[in-house]
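Student: I am attaching a structure below and will ask some questions about it afterwards.
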Amino acid sequence: MIFIHQPVTEAGQRLLERRAVNLQDVIPEDTIWLDLIRPTREEELKVEEFAGIEVPTREEMKDIEPSELLYVEDGARYMTGRVLSKVSDSEEPGLAGITFILRGNRLITVRYEEPQSFRMFAQRAGRATGNGHATVASGDAILAGLIEAVIDRAADVLQLQGERIDRLSGTIFEVQDDPSARNTALQDTLRALGRHGDLISKQRESLVSMERILLSLSATYRTNKAPRDLREDVRSTLRDLQSLEEHATFLSTKIQFLLDATLGLVNLEQNNIIKLFSVMAVVFMPPTLIASIYGMNFKSIPELDWSFGYPMAVVMMVVAAVLPYAFFRWKRWL
C-alpha cells in the first residue's frame, strides 16, 4: 500500500494531508512523503519511477552492516533503522526494519510492519487541526517527527517495563511460608524477568539504530548548513535518545541483579531440601545400625533371649534418633 502526504494551506497554515493511492493513480508532484507499507513489486516500481530512487528489498533492510544501512546513492540518502513493533507472525514484540529515504525535499519510508510509533505520529499530526492534517511541510521535518515519535514510544515502553520490574522486585524478596507457593512464585519471576530483559534488549537495539541515523543526519546538516532550527531539533532528539539508552542500560543491569537474586533464592531452596535429606539420613543412621545389629543371623545374640530385649532395642533406636536431632537443634543447623 502507498500513502502519500501533500502540503495544503488551511487557515493561513501550511499543513500536511494523507491519503492512499492505487497503482493506476498518478502521484502528485507536490507529494513530500511517500509511505510504503508492505509494498508489492509493482508499487515499488511506481515509486522508484516517480522519486528517482531504488527501493531496498526486505532482505536488504535486515542487513546489520552500517555501510548497508546508511549510505548515499544517486543523490538520495538511505537510512535504515529498527523499531520495536508487534510483528505480524509472532505474539511477542519484535524489531521491524524501516528504511527512510531522503531525496531533495521528499521523504520515502519503506516498512513491512506498523509500529505504534508511526500511529502515534499520525495521531499527533491529526490533533494539529483536528482533521487529519499535520503541521509539517518538508521531508526533513517529517523524518525528525517520526524519529521523535519512535523515541517517545521507547520512553513509554521503558517506563512501563521499569514499573513492572519494580513490582517484580517486591515479590522476589517477599517472605512466604508456603514452600510450594514460594517455588512457583520464583519460577514465574524467572520467566517474567526473561521476558522483560528480552524486550528491553530489543528496545535498546532500536535506540542504537536510531542513534546512528541521528548522528548521520547531524553530520549531514552540519556540512550542508541546514536551518538552525532543524539542527537544534536533531541535537535535542539525540540527547533524549542517549539518555534513554542509559536508562535502558540501567534497567538491564537491574534485571541482571534481580535474576541473580532469584537464582540465589532458588539455590537456597535447593540447599534447604538437600540439608533436610542430609539431616534425615543422619537421624535415621544410628537406629538403622541398631536394627541391623539385631537383625544379624548369629546363633549367640544374648539379647534375643531376654524378655525385655525387644523394648530395649526400640528404646535404643528412639534415643539414637532423638540425640542427633537435638544436637542439630542445639547447633541451630535446623
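The chains in the C-alpha cells are called A, B, ... from first to last as shown; in each chain the residues are counted from 1, and the ligands are counted from 1 in the order shown.
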Name the residues in contact with A:Ser252 at a cut-off of 12 Å, using only C-alpha atoms, excluding same-chain residues fewer than 2 positions from it; report them as a ChimeraX atom specification.
Tutor: /A:158,161-162,165,193-204,245-250,254-259
Student: Which is closer to A:Phe327 than all the others in A:Ala20, A:Val282, A:Val55, A:Leu251, using only C-alpha atoms?
Tutor: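 Comparing A:Ala20, A:Val282, A:Val55, A:Leu251 against A:Phe327, the winner is A:Val282.
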Student: One number please: atom CA of A:Glu43 to atom CA of A:Gly145, in Å, one decimal.
Tutor: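 About the pair atom CA of A:Glu43 and atom CA of A:Gly145: they are 25.0 Å apart.
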Student: If you count only C-alpha atoms, which residues fall within 10 Å of stretch 67-78 of chain A, apart from same-chain ones fewer than 5 positions away, as an MDAnalysis selection string?
Tutor: chainID A and resid 51:56 60:62 99:104 106:109 209 212:213 216:217 220
Student: Keeping only C-alpha atoms, write those residues as a compact mmCIF listing (two decimals), in the first residue's frame.
Tutor:
```txt
# COMPACT_ATOMS: atom_id res chain seq x y z
CA ALA A 51 11.04 9.62 -6.98
CA GLY A 52 14.09 8.51 -8.97
CA ILE A 53 15.29 6.13 -6.26
CA GLU A 54 15.76 2.42 -5.76
CA VAL A 55 13.52 0.91 -3.06
CA PRO A 56 15.52 -1.58 -0.94
CA GLU A 60 18.45 -5.73 2.34
CA MET A 61 16.68 -3.97 5.21
CA LYS A 62 17.62 -6.85 7.54
CA THR A 99 14.08 2.48 5.67
CA PHE A 100 13.98 6.27 5.47
CA ILE A 101 14.96 7.73 2.10
CA LEU A 102 15.56 11.46 1.71
CA ARG A 103 15.67 12.78 -1.84
CA GLY A 104 15.69 16.55 -2.02
CA ARG A 106 10.89 14.45 -0.26
CA LEU A 107 10.82 11.57 2.24
CA ILE A 108 10.08 7.95 1.35
CA THR A 109 9.57 5.36 4.09
CA SER A 209 19.91 2.09 15.29
CA ARG A 212 23.15 6.01 14.07
CA ILE A 213 20.56 7.74 11.91
CA SER A 216 24.41 10.70 10.32
CA LEU A 217 21.76 13.41 9.96
CA THR A 220 24.97 15.96 7.10
```
Student: Using only C-alpha atoms, which residue out of A:Gln187, A:Glu205, A:Leu146, A:Arg167 lies closest to A:Gly94?
Tutor: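 When distances to A:Gly94 are compared using only C-alpha atoms, the smallest one comes from A:Glu205.
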Student: Under the rule that only C-alpha atoms are counted, which of A:Asp260, A:Glu211, A:Glu48, A:Asp152 is the nearest residue to A:Arg239?
Tutor: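 Closest to A:Arg239 of all the choices is A:Glu211.
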Student: Tell me which protein, DNA and RNA residues are within 10 Å of A:Ile37, counting only C-alpha atoms, leaving out same-chain ones fewer than 6 positions away, and put them as a ChimeraX atom specification.
Tutor: /A:1-3,43,98,109-114
Student: Give the answer as one residue: which of A:Val322, A:Ala291, A:Ala149, A:Ala185 has the shortest atom-to-atom distance to A:Pro115, using only C-alpha atoms?
Tutor: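 Among the listed residues, A:Ala149 lies closest to A:Pro115.
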Student: Write out as a PyMOL selection string all residues of stretch 33-248 of chain A that DSSP puts in strand (DSSP E or B) for this structure's backbone.
Tutor: chain A and resi 33-37+70-73+76-86+93-103+106-111+134
Student: Would you mind exporting the chosen residues as a compact mmCIF listing (two decimals), in the first residue's frame, restricted to C-alpha atoms?
Tutor:
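Below you can see part-v6.txt, which holds the result:
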```txt
# COMPACT_ATOMS: atom_id res chain seq x y z
CA TRP A 33 6.17 11.96 1.95
CA LEU A 34 5.51 8.57 0.41
CA ASP A 35 4.81 5.88 2.98
CA LEU A 36 5.12 2.33 1.60
CA ILE A 37 3.54 -0.34 3.80
CA LEU A 70 23.46 4.28 5.99
CA TYR A 71 24.59 5.31 2.54
CA VAL A 72 24.06 7.83 -0.26
CA GLU A 73 23.16 6.72 -3.77
CA ALA A 76 19.36 10.07 -2.20
CA ARG A 77 20.24 9.37 1.42
CA TYR A 78 19.23 5.90 2.65
CA MET A 79 18.86 5.28 6.40
CA THR A 80 17.57 2.00 7.83
CA GLY A 81 16.68 1.62 11.48
CA ARG A 82 14.93 -0.95 13.62
CA VAL A 83 11.81 -0.08 15.55
CA LEU A 84 10.03 -2.13 18.22
CA SER A 85 6.77 -3.36 16.76
CA LYS A 86 4.15 -6.07 17.06
CA PRO A 93 7.04 -7.70 20.06
CA GLY A 94 9.94 -7.76 17.64
CA LEU A 95 12.20 -5.41 15.73
CA ALA A 96 10.85 -4.18 12.41
CA GLY A 97 13.23 -2.72 9.86
CA ILE A 98 12.23 0.68 8.44
CA THR A 99 14.08 2.48 5.67
CA PHE A 100 13.98 6.27 5.47
CA ILE A 101 14.96 7.73 2.10
CA LEU A 102 15.56 11.46 1.71
CA ARG A 103 15.67 12.78 -1.84
CA ARG A 106 10.89 14.45 -0.26
CA LEU A 107 10.82 11.57 2.24
CA ILE A 108 10.08 7.95 1.35
CA THR A 109 9.57 5.36 4.09
CA VAL A 110 9.52 1.62 3.46
CA ARG A 111 8.20 -0.73 6.12
CA ALA A 134 -0.11 17.75 10.27
```
Student: Quick one: residues within 8 Å of A:Thr262, only C-alpha atoms counted, chain neighbours fewer than 2 positions away excluded, as a ChimeraX atom specification?
Tutor: /A:172,186,189-190,258-260,264-266
Student: Residues of stretch 15-103 of chain A classed as helix (DSSP H, G or I) by DSSP on the backbone are to be reported as a ChimeraX atom specification.
Tutor: /A:41-51,58-61,66-69
Student: Store the residues picked out above, limited to C-alpha atoms, as a compact mmCIF listing (two decimals), in the first residue's frame.
Tutor:
```txt
# COMPACT_ATOMS: atom_id res chain seq x y z
CA ARG A 41 6.89 -5.08 -6.63
CA GLU A 42 4.54 -3.03 -8.84
CA GLU A 43 4.15 -0.41 -6.12
CA GLU A 44 7.92 -0.28 -5.65
CA LEU A 45 8.44 0.29 -9.36
CA LYS A 46 5.84 3.07 -9.36
CA VAL A 47 7.57 4.89 -6.51
CA GLU A 48 11.03 4.31 -8.00
CA GLU A 49 9.93 5.87 -11.27
CA PHE A 50 8.31 8.83 -9.53
CA ALA A 51 11.04 9.62 -6.98
CA ARG A 58 13.07 -6.61 2.69
CA GLU A 59 16.20 -8.77 2.83
CA GLU A 60 18.45 -5.73 2.34
CA MET A 61 16.68 -3.97 5.21
CA PRO A 66 26.46 0.02 8.86
CA SER A 67 27.55 0.52 5.25
CA GLU A 68 24.37 -1.24 4.13
CA LEU A 69 22.13 0.74 6.49
```
Student: Give me, please, the distance in Å between atom CA of A:Leu230 and atom CA of A:Ala141, quoted to one decimal.
Tutor: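 Going from atom CA of A:Leu230 over to atom CA of A:Ala141 covers 7.4 Å.
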Student: Ranking A:Ile290, A:Leu263, A:Leu207, A:Val314 by minimum distance to A:Arg153 and counting only C-alpha atoms, which one comes first?
Tutor: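 For A:Arg153, the nearest of the candidates is A:Leu207.
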Student: When you draw a straight line from atom CA of A:Asp140 to atom CA of A:Leu23, how long is it in Å?
Tutor: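 That distance, rounded to one decimal, is 26.3 Å.
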Student: For stretch 25-31 of chain A, find every residue with an atom within 7 Å (counting only C-alpha atoms), except residues of its own chain fewer than 3 positions away, and show them as an mmCIF file with N, CA and C atoms, in the first residue's frame.
Tutor:
```
data_model
loop_
_atom_site.group_PDB
_atom_site.id
_atom_site.type_symbol
_atom_site.label_atom_id
_atom_site.label_comp_id
_atom_site.auth_asym_id
_atom_site.auth_seq_id
_atom_site.Cartn_x
_atom_site.Cartn_y
_atom_site.Cartn_z
ATOM 1 N N ILE A 4 0.410 8.765 0.380
ATOM 2 C CA ILE A 4 1.124 9.996 0.053
ATOM 3 C C ILE A 4 0.671 11.102 0.991
ATOM 4 N N HIS A 5 1.560 12.042 1.216
ATOM 5 C CA HIS A 5 1.275 13.192 2.076
ATOM 6 C C HIS A 5 1.606 14.449 1.290
ATOM 7 N N GLN A 6 0.593 15.286 1.119
ATOM 8 C CA GLN A 6 0.750 16.512 0.346
ATOM 9 C C GLN A 6 0.577 17.721 1.247
ATOM 10 N N VAL A 21 -3.038 5.896 -2.428
ATOM 11 C CA VAL A 21 -3.104 5.922 -3.894
ATOM 12 C C VAL A 21 -3.023 4.493 -4.413
ATOM 13 N N ASN A 22 -3.680 4.257 -5.514
ATOM 14 C CA ASN A 22 -3.639 2.966 -6.174
ATOM 15 C C ASN A 22 -2.609 2.976 -7.292
#
```
Student: Could you tell me which of A:Gln242, A:Ala155, A:Phe284, A:Met312 comes closest to A:Met210 if we count only C-alpha atoms?
Tutor: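 Of A:Gln242, A:Ala155, A:Phe284, A:Met312, the one nearest A:Met210 is A:Gln242, counting only C-alpha atoms.
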Student: With a distance cut-off of 9 Å and only C-alpha atoms, select the neighbouring residues of A:Lys275, excluding the residue or stretch itself and same-chain residues fewer than 4 positions from it, and output the selection as a compact mmCIF listing (two decimals) with C-alpha atoms, in the first residue's frame.
Tutor:
```
# COMPACT_ATOMS: atom_id res chain seq x y z
CA GLN A 270 17.52 -26.43 46.90
CA ASN A 271 20.13 -26.29 49.67
CA VAL A 279 19.65 -34.44 58.47
CA MET A 280 17.09 -37.19 58.00
CA TRP A 333 21.57 -26.17 61.96
CA LEU A 334 17.82 -26.72 61.64
```
